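Engineer: Quick one: this structure, given as structure tokens, is what I'll be asking you about.
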Amino acid sequence: MKHVRLDRLDPKGGPVFPKLRQQTPWGAFDYWTLAPRKECPVKGIGIACEQGYVFTGGSVELTVRQQRIESGEGAGFIVIANRCDHVLKNLTNMPVQVLRMRVAMVRDSGTNQDVPLKAGTFDAQALNWRDAIHGGCGQIATRHVLSPDDFYSDWTFLDHAVLSPRGSVGYHYHDFLEESFVVLRGKGWMTIDDEPFTVGPKSVTWQGFEQKHGIYNPGPEKLEFVRIAVKQVDKEYTTIDLHDDLSARRPK
């Protein structure tokens, strides 16, 4: 089962899923805790890639060469097209949990520079409510924070979502797409390959090619999470709904 809790990992850092073997250009998925007011140098890898950071809270500044960009207050993100050294700095008086994604650029990106792409917070006020997706129940508020046109690589989505109490993302799978859910607030029941389990704040899940999955919020609070997705090179991914809203499934 691909599920971890960030607060149970080594705060000094390491892979989120040590034995993971990605099938997309998603080359790294790491975690560490950034101490209050501290800087963290990050070594470049010398090849064209996009590096993204998701923070479960706080405010973080990234410096690359003479450029600086900030995530803002609260849970947020920074994504850059970058191959060289850069520095992260925690601007708050609280520890900040950092998730780093690295996605290789396997074709000409159209730029040879280190480009700050975008930074911001996961703002629930910016979400649009609608009926549940993938055959789910209740309602969901969603936003593509970053979409395919925002990336130079095959990184496909950085999404923000909130599920209503007794709402769900219905059971489904993707071919040629790998993704992770990062829970920010609330509690829910995630099902991956017919195995339901409980998720809560700082839970991180992994769903690979054709791996059936979905998430249900039993309530009473809303369930807020981030979705990170990367597709296989030169493939068009599809989504197949399995007509199960997951409301009848319970963790053991």
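Residue numbering restarts at 1 for every chain of the structure tokens, chains are lettered A, B, ... in their displayed order, and ligands are numbered from 1 as they appear.
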Find the residues near Phe151 of chain A: any atom within 10 Å, counting only C-alpha atoms, skip ones fewer than 2 places away on the same chain, and give them as JSON, numbers by chain.

Structural biologist: {"A": [50, 79, 80, 81, 105, 109, 117, 118, 146, 147, 148, 149, 153, 154, 155, 156, 157]}

Engineer: DSSP on the backbone: what in segment 109-218 of chain A comes out helix (DSSP H, G or I), as a ChimeraX atom specification?

Structural biologist: /A:124-126,148-150

Engineer: Taking N, CA, C and O atoms for each residue, export the selection above as a PDB file, in the first residue's frame.

Structural biologist:
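What follows is the written file out.pdb:
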```
ATOM      1  N   ALA A 124      -8.502  28.164  -0.441  1.00  0.00           N
ATOM      2  CA  ALA A 124      -9.821  27.536  -0.565  1.00  0.00           C
ATOM      3  C   ALA A 124     -10.863  28.500  -1.133  1.00  0.00           C
ATOM      4  O   ALA A 124     -11.856  28.061  -1.730  1.00  0.00           O
ATOM      5  N   GLN A 125     -10.649  29.809  -0.973  1.00  0.00           N
ATOM      6  CA  GLN A 125     -11.610  30.780  -1.499  1.00  0.00           C
ATOM      7  C   GLN A 125     -11.590  30.840  -3.029  1.00  0.00           C
ATOM      8  O   GLN A 125     -12.540  31.344  -3.641  1.00  0.00           O
ATOM      9  N   ALA A 126     -10.526  30.330  -3.640  1.00  0.00           N
ATOM     10  CA  ALA A 126     -10.419  30.358  -5.096  1.00  0.00           C
ATOM     11  C   ALA A 126     -11.039  29.135  -5.768  1.00  0.00           C
ATOM     12  O   ALA A 126     -11.087  29.053  -6.999  1.00  0.00           O
ATOM     13  N   PRO A 148      -1.344  21.622 -17.639  1.00  0.00           N
ATOM     14  CA  PRO A 148      -0.269  21.225 -18.565  1.00  0.00           C
ATOM     15  C   PRO A 148       0.426  22.377 -19.277  1.00  0.00           C
ATOM     16  O   PRO A 148       1.649  22.339 -19.463  1.00  0.00           O
ATOM     17  N   ASP A 149      -0.318  23.413 -19.647  1.00  0.00           N
ATOM     18  CA  ASP A 149       0.286  24.535 -20.368  1.00  0.00           C
ATOM     19  C   ASP A 149       1.225  25.360 -19.490  1.00  0.00           C
ATOM     20  O   ASP A 149       2.001  26.179 -20.011  1.00  0.00           O
ATOM     21  N   ASP A 150       1.163  25.170 -18.178  1.00  0.00           N
ATOM     22  CA  ASP A 150       2.026  25.917 -17.269  1.00  0.00           C
ATOM     23  C   ASP A 150       3.404  25.283 -17.105  1.00  0.00           C
ATOM     24  O   ASP A 150       4.297  25.895 -16.510  1.00  0.00           O
TER      25      ASP A 150
END
```

Engineer: Would you mind telling me which residue in A:Cys49, A:Leu62, A:Ile69, A:Leu184 lies nearest to Tyr152 of chain A when using only C-alpha atoms?

Structural biologist: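 The shortest atom-to-atom distance to Tyr152 of chain A comes from A:Cys49.
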
Engineer: So how many Å separate atom CA of Asp241 of chain A and atom CA of His134 of chain A, to one decimal?

Structural biologist: 5.5 Å

Engineer: Here is a test: counting only C-alpha atoms, which residue of A:Leu223, A:Ala132, A:Leu9, A:Val60 is nearest to Asn93 of chain A?

Structural biologist: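 Smallest separation from Asn93 of chain A among the options: A:Val60.
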
Engineer: Near Lys43 of chain A, within 12 Å and counting only C-alpha atoms, which residues show up once chain neighbours fewer than 2 positions away are dropped, as an MDAnalysis selection string?

Structural biologist: chainID A and resid 40:41 45:47 51 64 82:88

Engineer: Emit the selected residues as a tab-separated table (two decimals), in the first residue's frame, including all heavy atoms.

Structural biologist:
```
chain	number	residue	atom	x	y	z
A	40	CYS	N	18.01	26.14	3.53
A	40	CYS	CA	18.35	24.79	3.09
A	40	CYS	C	18.88	24.87	1.66
A	40	CYS	O	18.10	25.10	0.72
A	40	CYS	CB	17.15	23.87	3.15
A	40	CYS	SG	17.45	22.21	2.51
A	41	PRO	N	20.20	24.71	1.44
A	41	PRO	CA	20.72	24.67	0.08
A	41	PRO	C	20.29	23.38	-0.63
A	41	PRO	O	20.30	22.31	-0.03
A	41	PRO	CB	22.24	24.69	0.28
A	41	PRO	CG	22.46	25.08	1.70
A	41	PRO	CD	21.26	24.62	2.46
A	45	ILE	N	21.11	19.21	-10.35
A	45	ILE	CA	21.52	17.90	-10.85
A	45	ILE	C	22.15	17.98	-12.24
A	45	ILE	O	22.55	16.96	-12.79
A	45	ILE	CB	20.33	16.92	-10.87
A	45	ILE	CG1	19.21	17.43	-11.80
A	45	ILE	CG2	19.80	16.70	-9.47
A	45	ILE	CD1	18.13	16.41	-12.04
A	46	GLY	N	22.21	19.18	-12.81
A	46	GLY	CA	22.93	19.35	-14.06
A	46	GLY	C	22.19	18.96	-15.31
A	46	GLY	O	22.75	19.00	-16.40
A	47	ILE	N	20.93	18.54	-15.18
A	47	ILE	CA	20.13	18.23	-16.36
A	47	ILE	C	18.85	19.07	-16.31
A	47	ILE	O	18.43	19.52	-15.25
A	47	ILE	CB	19.76	16.73	-16.44
A	47	ILE	CG1	18.91	16.32	-15.25
A	47	ILE	CG2	21.02	15.88	-16.53
A	47	ILE	CD1	18.33	14.92	-15.36
A	51	GLN	N	11.56	21.51	-10.88
A	51	GLN	CA	11.51	21.11	-9.48
A	51	GLN	C	10.37	21.86	-8.82
A	51	GLN	O	10.23	23.08	-8.99
A	51	GLN	CB	12.83	21.41	-8.78
A	51	GLN	CG	13.98	20.59	-9.35
A	51	GLN	CD	15.10	20.41	-8.36
A	51	GLN	OE1	14.92	19.83	-7.30
A	51	GLN	NE2	16.27	20.90	-8.70
A	64	VAL	N	17.29	31.56	-6.52
A	64	VAL	CA	18.11	30.94	-7.54
A	64	VAL	C	18.83	32.06	-8.27
A	64	VAL	O	18.19	32.97	-8.81
A	64	VAL	CB	17.28	30.06	-8.50
A	64	VAL	CG1	16.12	30.81	-9.13
A	64	VAL	CG2	18.18	29.45	-9.57
A	82	ASN	N	14.50	24.41	-13.43
A	82	ASN	CA	15.78	24.67	-12.79
A	82	ASN	C	16.70	23.47	-12.87
A	82	ASN	O	16.27	22.34	-12.63
A	82	ASN	CB	15.52	25.03	-11.32
A	82	ASN	CG	16.79	25.09	-10.51
A	82	ASN	OD1	17.18	24.09	-9.91
A	82	ASN	ND2	17.42	26.24	-10.49
A	83	ARG	N	17.95	23.73	-13.18
A	83	ARG	CA	18.94	22.64	-13.19
A	83	ARG	C	20.13	22.94	-12.27
A	83	ARG	O	21.04	22.14	-12.17
A	83	ARG	CB	19.44	22.40	-14.61
A	83	ARG	CG	20.32	23.51	-15.15
A	83	ARG	CD	20.76	23.22	-16.57
A	83	ARG	NE	19.67	23.34	-17.50
A	83	ARG	CZ	19.69	22.90	-18.76
A	83	ARG	NH1	20.77	22.30	-19.21
A	83	ARG	NH2	18.66	23.06	-19.56
A	84	CYS	N	20.15	24.11	-11.62
A	84	CYS	CA	21.32	24.49	-10.84
A	84	CYS	C	20.98	24.62	-9.35
A	84	CYS	O	19.85	24.41	-8.93
A	84	CYS	CB	21.91	25.80	-11.37
A	84	CYS	SG	20.87	27.23	-11.10
A	85	ASP	N	21.99	24.98	-8.57
A	85	ASP	CA	21.81	25.11	-7.12
A	85	ASP	C	20.81	26.22	-6.80
A	85	ASP	O	20.73	27.23	-7.50
A	85	ASP	CB	23.15	25.46	-6.45
A	85	ASP	CG	24.20	24.38	-6.65
A	85	ASP	OD1	23.87	23.31	-7.21
A	85	ASP	OD2	25.35	24.62	-6.24
A	86	HIS	N	20.07	26.02	-5.72
A	86	HIS	CA	19.18	27.06	-5.22
A	86	HIS	C	19.02	26.88	-3.71
A	86	HIS	O	19.50	25.91	-3.14
A	86	HIS	CB	17.83	27.06	-5.94
A	86	HIS	CG	17.13	25.74	-5.96
A	86	HIS	ND1	17.45	24.72	-6.82
A	86	HIS	CD2	16.10	25.25	-5.20
A	86	HIS	CE1	16.67	23.68	-6.61
A	86	HIS	NE2	15.85	23.97	-5.63
A	87	VAL	N	18.35	27.83	-3.09
A	87	VAL	CA	18.24	27.84	-1.62
A	87	VAL	C	16.80	28.06	-1.22
A	87	VAL	O	16.12	28.96	-1.75
A	87	VAL	CB	19.13	28.96	-1.01
A	87	VAL	CG1	18.94	29.01	0.51
A	87	VAL	CG2	20.59	28.73	-1.36
A	88	LEU	N	16.32	27.25	-0.28
A	88	LEU	CA	15.02	27.45	0.35
A	88	LEU	C	15.23	28.07	1.72
A	88	LEU	O	16.14	27.65	2.46
A	88	LEU	CB	14.27	26.13	0.51
A	88	LEU	CG	13.81	25.42	-0.76
A	88	LEU	CD1	13.17	24.09	-0.38
A	88	LEU	CD2	12.85	26.26	-1.57
```

Engineer: Just to confirm, what's the straight-line distance from atom CA of Lys231 of chain A to atom CA of Leu20 of chain A in Å (one decimal)?

Structural biologist: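 It comes out at 15.9 Å.
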
Engineer: Using only C-alpha atoms, can you tell me which of A:Leu34, A:Leu246, A:Val103, A:Ile228 comes closest to Asp194 of chain A?

Structural biologist: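 Ranked by minimum distance to Asp194 of chain A, first place goes to A:Leu246.
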
Engineer: Point out the residue among A:Gly200, A:Gly52, A:Pro11, A:Gly135 with the least atom-to-atom distance to Phe77 of chain A, counting only C-alpha atoms.

Structural biologist: A:Gly52
